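Asker: My file is work.tsv. It has TSV, C-alpha atoms:
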chain	number	residue	atom	x	y	z
Y	1	LEU	CA	95.67	79.28	67.83
Y	2	LEU	CA	98.14	81.80	69.26
Y	3	VAL	CA	99.25	83.13	65.85
Y	4	PRO	CA	95.74	84.16	64.64
Y	5	LEU	CA	94.97	85.62	68.06
Y	6	ALA	CA	98.20	87.63	68.00
Y	7	LEU	CA	97.34	88.94	64.52
Y	8	VAL	CA	93.91	90.02	65.72
Y	9	LEU	CA	95.45	91.86	68.67
Y	10	VAL	CA	97.99	93.62	66.45
Y	11	VAL	CA	95.30	94.72	63.99
Y	12	ALA	CA	93.11	95.94	66.86
Y	13	TYR	CA	96.07	97.78	68.37
Y	14	TYR	CA	96.87	99.75	65.22
Y	15	ALA	CA	93.21	100.34	64.48
Y	16	ALA	CA	92.74	101.82	67.93
Y	17	SER	CA	95.79	104.05	67.35
Y	18	SER	CA	94.48	105.51	64.07
Y	19	ASP	CA	92.43	108.65	63.69
Y	20	ASP	CA	88.75	107.79	63.58
Y	21	PRO	CA	85.54	109.86	63.51
Y	22	VAL	CA	84.58	108.92	67.07
Y	23	ALA	CA	87.84	110.15	68.60
Y	24	PRO	CA	87.47	113.13	70.97
Y	25	ALA	CA	87.60	116.47	69.21
Y	26	ALA	CA	90.85	118.30	69.84
Y	27	SER	CA	90.69	121.72	71.41
Y	28	ALA	CA	92.79	124.63	70.23
Y	29	PRO	CA	96.30	124.16	71.60
Y	30	PRO	CA	97.27	126.41	74.48
Y	31	GLN	CA	99.55	129.33	73.68
Y	32	GLY	CA	103.19	128.44	74.16
Y	33	PRO	CA	105.63	125.73	73.07
Y	34	TYR	CA	102.91	123.10	72.53
Y	35	ASP	CA	101.48	124.20	69.18
Y	36	ALA	CA	101.92	120.75	67.61
Y	37	PHE	CA	100.07	119.02	70.44
Y	38	ARG	CA	96.44	117.92	70.23
Y	39	PHE	CA	94.34	118.45	73.34
Y	40	GLU	CA	90.79	117.73	74.41
Y	41	ARG	CA	89.24	120.44	76.57
Y	42	VAL	CA	87.76	118.77	79.68
Y	43	GLY	CA	87.24	121.77	81.95
Y	44	VAL	CA	87.94	125.45	82.38
Y	45	GLY	CA	91.64	125.79	81.70
Y	46	VAL	CA	92.08	121.99	81.75
Y	47	ASP	CA	93.23	120.11	78.64
Y	48	ARG	CA	93.85	116.39	78.24
Y	49	LEU	CA	96.72	115.53	75.91
Y	50	ILE	CA	95.67	113.35	72.98
Y	51	ASP	CA	99.07	113.27	71.28
Y	52	ASP	CA	102.13	115.45	70.89
Y	53	GLY	CA	102.22	115.44	67.09
Y	54	ALA	CA	105.38	113.33	67.04
Y	55	GLY	CA	104.19	109.86	68.00
Y	56	TYR	CA	103.58	110.07	71.72
Y	57	ARG	CA	100.06	109.61	73.04
Y	58	PRO	CA	99.00	108.68	76.57
Y	59	GLY	CA	97.89	105.12	77.05
Y	60	ASP	CA	94.94	102.96	77.98
Y	61	TYR	CA	95.56	99.77	79.93
Y	62	ASP	CA	92.75	97.75	78.44
Y	63	LEU	CA	92.92	98.85	74.79
Y	64	VAL	CA	96.73	98.90	74.80
Y	65	ARG	CA	96.92	102.13	72.83
Y	66	GLY	CA	99.80	104.45	73.55
Y	67	GLU	CA	102.06	104.71	76.55
Y	68	ILE	CA	101.64	105.13	80.29
Y	69	ALA	CA	103.42	108.08	81.90
Y	70	ASP	CA	104.98	106.98	85.18
Y	71	ALA	CA	106.93	110.15	85.89
Y	72	ILE	CA	107.32	113.57	84.29
Y	73	ALA	CA	109.78	116.46	84.46
Y	74	VAL	CA	109.97	119.91	82.91
Y	75	GLU	CA	113.25	121.30	81.62
Y	76	PRO	CA	114.19	124.98	82.06
Y	77	ASP	CA	113.11	125.80	78.48
Y	78	GLY	CA	109.66	124.32	79.11
Y	79	SER	CA	110.24	120.99	77.36
Y	80	VAL	CA	108.22	118.22	78.97
Y	81	LEU	CA	109.82	114.85	79.67
Y	82	ALA	CA	107.60	111.81	80.17
Y	83	CYS	CA	108.99	108.43	81.20
Y	84	CYS	CA	106.66	105.75	80.06
Y	85	ASP	CA	106.09	102.02	79.85
Y	86	TRP	CA	105.19	100.78	76.39
Y	87	PRO	CA	102.61	97.97	76.55
Y	88	ASP	CA	103.42	95.24	74.04
Y	89	PRO	CA	100.34	94.46	71.91
Y	90	ILE	CA	100.94	90.71	72.23
Y	91	PHE	CA	100.43	89.75	75.86
Y	92	SER	CA	102.98	92.33	77.05
Y	93	LEU	CA	105.77	89.81	76.57
Y	94	ASP	CA	108.38	92.53	76.06
Y	95	ASP	CA	108.95	95.26	78.62
Y	96	ASP	CA	110.56	98.36	77.13
Y	97	THR	CA	110.62	101.78	78.71
Y	98	THR	CA	110.86	105.04	76.78
Y	99	LEU	CA	111.75	108.57	77.80
Y	100	HIS	CA	110.06	111.15	75.58
Y	101	ARG	CA	110.76	114.81	75.20
Y	102	LEU	CA	107.25	115.67	74.08
Y	103	GLY	CA	107.14	117.06	70.57
Y	104	ASP	CA	110.41	115.44	69.48
Y	105	PRO	CA	110.01	112.73	66.83
Y	106	GLU	CA	112.69	110.50	68.37
Y	107	PRO	CA	112.71	109.32	72.00
Y	108	ALA	CA	115.32	110.88	74.26
Y	109	ALA	CA	116.11	107.34	75.45
Y	110	LYS	CA	114.71	103.84	75.14
Y	111	TRP	CA	115.87	100.78	77.03
Y	112	ASP	CA	115.07	97.17	77.75
Y	113	ASP	CA	113.86	96.80	81.31
Y	114	TRP	CA	115.17	93.29	81.81
Y	115	LYS	CA	118.66	94.01	80.50
Y	116	THR	CA	119.20	97.34	82.23
Y	117	GLY	CA	117.38	96.67	85.49
Y	118	LEU	CA	115.69	100.08	85.27
Y	119	ASP	CA	112.15	98.78	84.98
Y	120	LYS	CA	110.51	100.67	87.85
Y	121	VAL	CA	110.71	104.40	87.15
Y	122	ARG	CA	109.70	106.21	90.32
Y	123	ASP	CA	110.94	109.76	89.72
Y	124	LEU	CA	112.50	112.03	87.09
Y	125	ALA	CA	114.53	115.19	87.65
Y	126	VAL	CA	116.75	117.56	85.68
Y	127	ALA	CA	119.98	118.72	87.32
Y	128	THR	CA	121.14	122.33	87.08
Y	129	ASP	CA	123.62	121.31	84.37
Y	130	GLY	CA	120.76	119.88	82.26
Y	131	THR	CA	121.47	116.21	82.98
Y	132	VAL	CA	118.34	114.09	83.24
Y	133	TRP	CA	118.19	111.66	86.17
Y	134	LEU	CA	115.77	108.88	86.99
Y	135	ALA	CA	115.10	106.95	90.16
Y	136	GLY	CA	114.52	103.33	89.23
Y	137	ASP	CA	115.93	100.03	90.34
Y	138	ARG	CA	119.11	102.10	90.46
Y	139	PRO	CA	119.57	105.89	90.28
Y	140	ALA	CA	120.82	106.70	86.78
Y	141	ALA	CA	121.87	109.72	84.69
Y	142	LEU	CA	121.21	110.12	80.96
Y	143	ILE	CA	124.60	110.56	79.27
Y	144	ASP	CA	124.74	110.77	75.44
Y	145	GLY	CA	121.42	108.99	75.08
Y	146	ASP	CA	122.22	106.10	77.42
Y	147	TRP	CA	121.63	105.61	81.12
Y	148	LYS	CA	124.69	105.53	83.32
Y	149	LYS	CA	123.72	103.78	86.53
Y	150	ALA	CA	125.09	105.08	89.80
Y	151	ARG	CA	127.53	102.86	91.66
Y	152	VAL	CA	125.10	102.05	94.42
Y	153	ARG	CA	123.20	98.78	94.61
Y	154	ALA	CA	119.89	100.06	95.88
Y	155	PRO	CA	116.70	101.33	94.23
Y	156	GLY	CA	116.24	105.06	93.88
Y	157	GLU	CA	113.00	106.47	95.27
Y	158	THR	CA	112.84	110.27	95.38
Y	159	LEU	CA	115.13	112.77	93.62
Y	160	GLY	CA	116.11	116.29	94.61
Y	161	VAL	CA	118.13	118.83	92.61
Y	162	GLY	CA	121.03	120.58	94.30
Y	163	HIS	CA	121.96	124.18	93.45
Y	164	ASP	CA	125.60	123.16	93.02
Y	165	GLY	CA	124.89	120.65	90.25
Y	166	ALA	CA	124.56	117.70	92.62
Y	167	MET	CA	121.65	115.27	92.56
Y	168	TRP	CA	120.17	113.90	95.78
Y	169	ALA	CA	118.22	110.66	96.08
Y	170	SER	CA	116.62	108.56	98.75
Y	171	LEU	CA	117.44	104.89	98.50
Y	172	GLY	CA	114.75	102.25	98.86
Y	173	THR	CA	115.98	100.04	101.65
Y	174	TYR	CA	114.77	98.92	105.06
Y	175	ASP	CA	116.49	101.84	106.73
Y	176	LEU	CA	116.73	105.53	105.92
Y	177	ARG	CA	119.54	106.29	103.46
Y	178	ILE	CA	120.12	109.49	101.51
Y	179	ALA	CA	122.66	109.73	98.68
Y	180	ARG	CA	124.36	112.71	97.06
Y	181	PHE	CA	125.75	112.35	93.53
Y	182	LYS	CA	128.08	114.86	91.90
Y	183	GLY	CA	130.23	113.83	88.99
Y	184	ASP	CA	131.72	110.46	89.84
Y	185	ARG	CA	131.56	111.09	93.57
Y	186	ILE	CA	128.88	109.48	95.75
Y	187	ARG	CA	128.24	110.06	99.41
Y	188	ILE	CA	125.64	108.07	101.31
Y	189	PHE	CA	124.25	109.20	104.65
Y	190	ARG	CA	122.94	106.32	106.75
Y	191	GLU	CA	120.52	105.92	109.60
Y	192	ASP	CA	123.19	104.24	111.69
Y	193	GLY	CA	125.81	106.80	110.73
Y	194	GLU	CA	125.58	110.53	110.00
Y	195	LEU	CA	121.80	110.95	110.28
Y	196	PRO	CA	120.33	112.05	113.64
Y	197	ARG	CA	119.43	109.34	116.13
Y	198	ALA	CA	115.77	110.40	116.03
Y	199	VAL	CA	115.28	108.95	112.53
Y	200	SER	CA	115.46	105.41	113.93
Y	201	ALA	CA	111.82	105.87	115.01
Y	202	TRP	CA	110.75	107.16	111.60
Y	203	SER	CA	109.80	105.26	108.47
Y	204	ASP	CA	112.25	104.90	105.59
Y	205	HIS	CA	109.86	106.65	103.18
Y	206	VAL	CA	111.23	109.99	101.96
Y	207	THR	CA	108.47	112.25	100.67
Y	208	GLY	CA	110.59	115.03	99.24
Y	209	ILE	CA	114.09	116.46	98.83
Y	210	ALA	CA	114.76	120.15	98.20
Y	211	THR	CA	117.65	122.59	98.42
Y	212	THR	CA	117.48	126.29	99.27
Y	213	PRO	CA	119.74	129.12	97.99
Y	214	ASP	CA	121.59	129.22	101.31
Y	215	GLY	CA	123.10	125.83	100.42
Y	216	LYS	CA	121.01	123.76	102.80
Y	217	THR	CA	119.41	120.46	101.77
Y	218	TRP	CA	116.03	119.50	103.22
Y	219	VAL	CA	114.57	115.99	103.38
Y	220	GLY	CA	111.01	115.18	104.42
Y	221	VAL	CA	110.16	111.79	105.91
Y	222	ASN	CA	106.73	110.29	106.50
Y	223	GLY	CA	105.95	108.53	109.76
Y	224	LYS	CA	104.91	105.02	110.73
Y	225	GLY	CA	101.89	106.21	112.68
Y	226	PRO	CA	100.63	108.92	115.03
Y	227	ARG	CA	103.14	107.97	117.70
Y	228	ARG	CA	106.05	107.73	115.22
Y	229	PRO	CA	105.34	110.70	112.99
Y	230	GLY	CA	108.53	111.24	110.96
Y	231	GLY	CA	109.83	114.72	110.38
Y	232	LEU	CA	112.05	117.19	108.54
Y	233	LEU	CA	115.84	116.93	108.18
Y	234	ARG	CA	118.28	119.70	107.27
Y	235	TYR	CA	121.85	119.33	106.04
Y	236	ASP	CA	124.13	122.37	106.12
Y	237	GLY	CA	127.09	120.74	104.40
Y	238	LYS	CA	128.60	119.49	107.67
Y	239	ALA	CA	125.89	117.84	109.77
Y	240	TRP	CA	122.24	116.80	109.75
Y	241	ARG	CA	119.70	117.95	112.29
Y	242	VAL	CA	115.97	117.56	112.89
Y	243	VAL	CA	113.92	120.71	112.31
Y	244	ARG	CA	110.43	121.14	113.79
Y	245	PRO	CA	108.59	123.93	111.93
Y	246	LEU	CA	105.57	123.73	114.28
Y	247	GLY	CA	107.69	124.45	117.32
Y	248	ARG	CA	110.07	122.81	119.75
Y	249	GLY	CA	108.92	119.35	120.75
Y	250	VAL	CA	106.10	119.24	118.15
Y	251	ASP	CA	106.70	116.34	115.75
Y	252	ALA	CA	104.85	116.10	112.45
Y	253	SER	CA	105.01	113.90	109.38
Y	254	VAL	CA	106.18	115.51	106.14
Y	255	GLN	CA	103.96	114.63	103.21
Y	256	GLY	CA	105.69	116.86	100.68
Y	257	LEU	CA	108.12	119.73	100.29
Y	258	THR	CA	109.47	121.99	97.59
Y	259	THR	CA	111.12	125.34	97.02
Y	260	GLY	CA	109.45	128.36	95.44
Y	261	PRO	CA	110.92	130.56	92.68
Y	262	ASP	CA	112.02	133.05	95.36
Y	263	GLY	CA	114.02	130.36	97.17
Y	264	SER	CA	111.52	129.89	100.00
Y	265	LEU	CA	110.97	126.38	101.37
Y	266	TRP	CA	107.42	125.00	101.53
Y	267	VAL	CA	106.55	121.96	103.66
Y	268	TYR	CA	103.21	120.12	103.82
Y	269	LEU	CA	102.90	118.73	107.35
Y	270	SER	CA	100.50	116.21	108.84
Y	271	ARG	CA	100.00	115.88	112.59
Y	272	SER	CA	97.73	113.03	113.60
Y	273	GLN	CA	96.01	112.20	116.86
Y	274	PRO	CA	95.27	108.50	117.42
Y	275	GLU	CA	91.67	107.63	118.17
Y	276	LYS	CA	90.38	104.25	119.23
Y	277	ASP	CA	88.55	102.36	116.47
Y	278	ALA	CA	88.74	105.34	114.09
Y	279	PRO	CA	91.01	106.53	111.28
Y	280	TRP	CA	93.77	108.89	112.22
Y	281	ARG	CA	92.49	112.44	112.44
Y	282	ALA	CA	95.20	114.55	110.85
Y	283	GLU	CA	95.64	118.29	111.12
Y	284	LEU	CA	97.41	119.58	108.02
Y	285	TYR	CA	99.71	122.59	107.84
Y	286	LEU	CA	101.67	124.49	105.23
Y	287	ALA	CA	104.96	125.79	106.58
Y	288	ARG	CA	106.91	128.41	104.63
Y	289	ARG	CA	110.52	129.29	105.44
Y	290	ASP	CA	112.31	132.35	104.07
Y	291	SER	CA	114.96	134.75	105.35
Y	292	SER	CA	112.62	135.97	108.09
Y	293	GLY	CA	111.91	132.49	109.47
Y	294	TRP	CA	108.89	130.17	109.48
Y	295	THR	CA	105.30	131.09	108.64
Y	296	ILE	CA	102.70	128.46	109.55
Y	297	LEU	CA	99.32	128.19	107.83
Y	298	ASP	CA	96.60	125.87	109.12
Y	299	ARG	CA	92.93	125.06	108.60
Y	300	SER	CA	91.86	128.56	109.62
Y	301	ASP	CA	93.94	129.87	106.71
Y	302	GLY	CA	92.22	127.53	104.26
Y	303	VAL	CA	95.04	124.99	103.94
Y	304	PRO	CA	93.90	122.09	101.70
Y	305	SER	CA	92.99	118.95	103.64
Y	306	HIS	CA	92.44	115.31	102.82
Y	307	ASP	CA	88.97	113.82	102.93
Y	308	PRO	CA	87.97	113.10	106.56
Y	309	GLY	CA	87.46	109.43	105.64
Y	310	PHE	CA	91.00	109.01	104.35
Y	311	ARG	CA	93.14	106.79	106.56
Y	312	HIS	CA	96.78	107.82	106.74
Y	313	TYR	CA	99.50	105.26	106.26
Y	314	SER	CA	103.26	105.61	106.10
Y	315	ASN	CA	103.71	105.92	102.34
Y	316	GLU	CA	101.68	108.95	101.23
Y	317	GLN	CA	103.74	111.29	99.10
Y	318	VAL	CA	102.34	114.63	98.00
Y	319	PRO	CA	104.03	116.17	94.95
Y	320	MET	CA	104.32	119.92	95.52
Y	321	ARG	CA	105.26	122.87	93.32
Y	322	VAL	CA	105.04	126.65	93.79
Y	323	GLY	CA	104.36	129.03	90.90
Y	324	GLN	CA	105.87	132.44	90.22
Y	325	ASP	CA	102.79	134.09	91.72
Y	326	GLY	CA	103.10	132.10	94.96
Y	327	THR	CA	100.32	129.64	94.16
Y	328	VAL	CA	100.98	126.29	95.83
Y	329	TRP	CA	100.12	123.17	93.81
Y	330	LEU	CA	99.75	119.85	95.60
Y	331	THR	CA	97.45	116.86	95.96
Y	332	THR	CA	94.92	115.86	98.57
Y	333	PHE	CA	93.53	112.37	99.09
Y	334	THR	CA	89.92	111.31	98.77
Y	335	GLY	CA	88.37	108.83	101.17
Y	336	GLY	CA	89.30	106.05	98.77
Y	337	GLY	CA	92.92	107.16	98.49
Y	338	CYS	CA	92.80	108.91	95.09
Y	339	ALA	CA	95.22	111.87	94.92
Y	340	ARG	CA	93.39	114.97	93.65
Y	341	LEU	CA	95.12	118.00	92.12
Y	342	VAL	CA	94.47	121.29	93.93
Y	343	SER	CA	96.01	124.73	94.02
Y	344	PHE	CA	96.10	126.99	97.05
Y	345	ALA	CA	96.37	130.77	96.96
Y	346	ASP	CA	95.04	133.61	99.13
Y	347	GLY	CA	93.24	131.19	101.41
Y	348	HIS	CA	91.32	129.48	98.60
Y	349	THR	CA	91.65	125.94	97.26
Y	350	THR	CA	90.75	125.10	93.65
Y	351	ASP	CA	90.09	121.56	92.39
Y	352	TYR	CA	90.74	120.88	88.68
Y	353	LEU	CA	90.66	117.33	87.33
Y	354	PRO	CA	87.70	115.06	86.48
Y	355	ASP	CA	86.51	112.42	88.93
Y	356	GLY	CA	88.70	109.36	89.11
Y	357	ALA	CA	91.84	111.11	87.84
Y	358	CYS	CA	94.38	110.06	90.49
Y	359	VAL	CA	97.60	112.06	90.31
Y	360	ARG	CA	100.98	110.33	90.02
Y	361	ASP	CA	103.29	113.25	89.26
Y	362	LEU	CA	103.12	117.03	89.02
Y	363	GLU	CA	105.38	119.65	87.41
Y	364	LEU	CA	105.09	123.34	86.50
Y	365	ASP	CA	106.36	124.81	83.24
Y	366	PRO	CA	108.04	128.24	83.08
Y	367	ASP	CA	104.67	129.90	82.32
Y	368	GLY	CA	103.09	128.58	85.53
Y	369	ARG	CA	100.98	125.87	83.90
Y	370	ALA	CA	100.75	122.51	85.62
Y	371	TRP	CA	101.52	119.25	83.83
Y	372	VAL	CA	99.96	116.30	85.62
Y	373	SER	CA	100.28	112.57	84.97
Y	374	VAL	CA	97.32	110.58	86.24
Y	375	LYS	CA	95.80	107.14	86.28
Y	376	GLN	CA	92.07	106.87	85.71
Y	377	TRP	CA	90.33	104.47	88.09
Y	378	PRO	CA	86.63	103.53	87.75
Y	379	TRP	CA	86.44	102.84	91.50
Y	380	ALA	CA	87.36	106.49	92.06
Y	381	GLY	CA	84.67	107.80	89.69
Y	382	ALA	CA	86.38	107.76	86.29
Y	383	GLU	CA	84.35	106.69	83.26
Y	384	GLY	CA	87.04	104.23	82.20
Y	385	GLU	CA	90.46	102.85	83.12
Y	386	GLY	CA	93.60	104.35	81.64
Y	387	ALA	CA	96.41	106.86	81.94
Y	388	ASP	CA	96.55	110.48	80.83
Y	389	LEU	CA	98.54	113.69	80.85
Y	390	TYR	CA	96.74	116.92	81.65
Y	391	LEU	CA	97.81	120.53	81.17
Y	392	VAL	CA	96.17	122.97	83.59
Y	393	ASP	CA	96.33	126.72	82.98
Y	394	PRO	CA	95.25	128.62	86.11
Y	395	ALA	CA	95.09	131.89	84.15
Y	396	ALA	CA	92.08	130.51	82.28
Render the structure in this file as structure tokens.
Answerer:
Amino acid sequence: LLVPLALVLVVAYYAASSDDPVAPAASAPPQGPYDAFRFERVGVGVDRLIDDGAGYRPGDYDLVRGEIADAIAVEPDGSVLACCDWPDPIFSLDDDTTLHRLGDPEPAAKWDDWKTGLDKVRDLAVATDGTVWLAGDRPAALIDGDWKKARVRAPGETLGVGHDGAMWASLGTYDLRIARFKGDRIRIFREDGELPRAVSAWSDHVTGIATTPDGKTWVGVNGKGPRRPGGLLRYDGKAWRVVRPLGRGVDASVQGLTTGPDGSLWVYLSRSQPEKDAPWRAELYLARRDSSGWTILDRSDGVPSHDPGFRHYSNEQVPMRVGQDGTVWLTTFTGGGCARLVSFADGHTTDYLPDGACVRDLELDPDGRAWVSVKQWPWAGAEGEGADLYLVDPAA
């Protein structure tokens, strides 16, 4: 009974992967390095990737066609990296993971999840020397087509690129640990060691790591609740300290942070007030730091906010990027917890993706276009369940 059923599933799998007359019509490819890609136009300046012309196509959970992008990264030349799980057509008995450089006929890397222990890809990043890193069950670097796992027995969570060629990572443990990798050298900063005493009241969930041209490393941490809000850490090469962008004595949770092309630091802050028998009411801020100090934007400046019905927990992470023109890209949460892609510029917020497209990762290419990996959820308003990559061109 299993053999005929398996044959049926295999035939259905390849039939679903073939070109057929009911497939969505491909739009003209955007100008740039993606001429071989096929897109479907789904909105003004918004294209959904159908395939990259070299074998990669985003996946669908139920039909088992294509791959599911868990994390993405963009290299300096604009090449897009997508790290994906490949669903096996026969009951998903085999768990392989593939890293694609979109448009290349051969994968950049492919590995067996069970043998390597790298089955949960949480983040991708490209170091200044071009080395690709992933945060999985262990932090690992791609060396000559194979993953070299870091000598640290802890899952990697969030990656941050250092200006000096180092790679930073938060480690998924029950306490706050931050690791710095450079060459074969590893240094781990621990909650009960070099990190400030204040972090003992924070969660262990790092929401972002960034470095600024002055050599400082910044780490954002989400809180455990309104009374234990988390905060922002700064490392100057010698010691860590807590930084409060909203002012002395004002604690706020960090939901995301990034650096802009001009070297400025951007931090997305959430300050909640507990209310009896009601969700946390959070006031959201964008804090920008440059050579002149901090600039704080709030609701009166049009800062994007989550839906009022959204209840804040301790694990929200907002991917953030800043374009060459100063446009801030981030996500806001709907009442049901779906992360929506928005951009913020000149006091205005723009929403791009279709209903039910819940963002997992966000990157900008050198031309300022946003690549977004999403999961489609019917409960959030999507027409079907699946996974997709979108390319958003704000100039359109």
Asker: Could you check how far atom CA of Y:Leu364 sits from atom CA of Y:Val74, in Å to one decimal?
Answerer: 7.0 Å
Asker: Pick from Y:Leu102, Y:Asp236, Y:Leu269, Y:Asp355: nearest to Y:Ile50, with all atoms listed in the file counted?
Answerer: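 Distance minimum relative to Y:Ile50 lands on Y:Leu102.
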Asker: Go ahead and compute the interatomic distance for atom CA of Y:Lys216 and atom CA of Y:Gly237, in Å to one decimal.
Answerer: 7.0 Å
Asker: Would you work out the distance separating atom CA of Y:Pro366 from atom CA of Y:Trp133, expressed in Å to one decimal?
Answerer: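 Atom CA of Y:Trp133 lies 19.7 Å from atom CA of Y:Pro366.
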Asker: For each of Y:Ala69, Y:Gln255, Y:Leu246, Y:Thr116, take the minimum atom-to-atom distance to Y:Asp298, counting all atoms listed in the file, then give the residue where this is smallest.
Answerer: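 Closest residue, counting all atoms listed in the file: Y:Leu246.
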Asker: Identify the residues around (115.3, 99.5, 92.4) within a radius of 12 Å, measuring from all atoms listed in the file in the coordinates stated by the file, and give them as a JSON list (two decimals) with C-alpha atoms, in the frame of the given file.
Answerer:
[["chain", "number", "residue", "atom", "x", "y", "z"],
["Y", 113, "ASP", "CA", 113.86, 96.80, 81.31],
["Y", 116, "THR", "CA", 119.20, 97.34, 82.23],
["Y", 117, "GLY", "CA", 117.38, 96.67, 85.49],
["Y", 118, "LEU", "CA", 115.69, 100.08, 85.27],
["Y", 119, "ASP", "CA", 112.15, 98.78, 84.98],
["Y", 120, "LYS", "CA", 110.51, 100.67, 87.85],
["Y", 121, "VAL", "CA", 110.71, 104.40, 87.15],
["Y", 122, "ARG", "CA", 109.70, 106.21, 90.32],
["Y", 123, "ASP", "CA", 110.94, 109.76, 89.72],
["Y", 134, "LEU", "CA", 115.77, 108.88, 86.99],
["Y", 135, "ALA", "CA", 115.10, 106.95, 90.16],
["Y", 136, "GLY", "CA", 114.52, 103.33, 89.23],
["Y", 137, "ASP", "CA", 115.93, 100.03, 90.34],
["Y", 138, "ARG", "CA", 119.11, 102.10, 90.46],
["Y", 139, "PRO", "CA", 119.57, 105.89, 90.28],
["Y", 140, "ALA", "CA", 120.82, 106.70, 86.78],
["Y", 149, "LYS", "CA", 123.72, 103.78, 86.53],
["Y", 150, "ALA", "CA", 125.09, 105.08, 89.80],
["Y", 152, "VAL", "CA", 125.10, 102.05, 94.42],
["Y", 153, "ARG", "CA", 123.20, 98.78, 94.61],
["Y", 154, "ALA", "CA", 119.89, 100.06, 95.88],
["Y", 155, "PRO", "CA", 116.70, 101.33, 94.23],
["Y", 156, "GLY", "CA", 116.24, 105.06, 93.88],
["Y", 157, "GLU", "CA", 113.00, 106.47, 95.27],
["Y", 158, "THR", "CA", 112.84, 110.27, 95.38],
["Y", 170, "SER", "CA", 116.62, 108.56, 98.75],
["Y", 171, "LEU", "CA", 117.44, 104.89, 98.50],
["Y", 172, "GLY", "CA", 114.75, 102.25, 98.86],
["Y", 173, "THR", "CA", 115.98, 100.04, 101.65]]
Asker: Let me make sure I understand: among Y:Glu283, Y:Glu383, Y:Asp351, Y:Asp262, which one has the smallest atom-to-atom distance to Y:Val44 if we use all atoms listed in the file?
Answerer: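 Using all atoms listed in the file, Y:Val44 sits closest to Y:Asp351.
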Asker: As a short mmCIF file (atom, residue, chain, number, x, y, z; two decimals) with C-alpha atoms, keeping the file's coordinate frame, please: the residues near Y:Pro378 (cut-off 7 Å, all atoms listed in the file, same-chain neighbours under 6 positions excluded).
Answerer:
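File produced: out_31.cif:
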data_model
loop_
_atom_site.label_atom_id
_atom_site.label_comp_id
_atom_site.auth_asym_id
_atom_site.auth_seq_id
_atom_site.Cartn_x
_atom_site.Cartn_y
_atom_site.Cartn_z
CA GLY Y 356 88.70 109.36 89.11
CA GLY Y 384 87.04 104.23 82.20
CA GLU Y 385 90.46 102.85 83.12
#
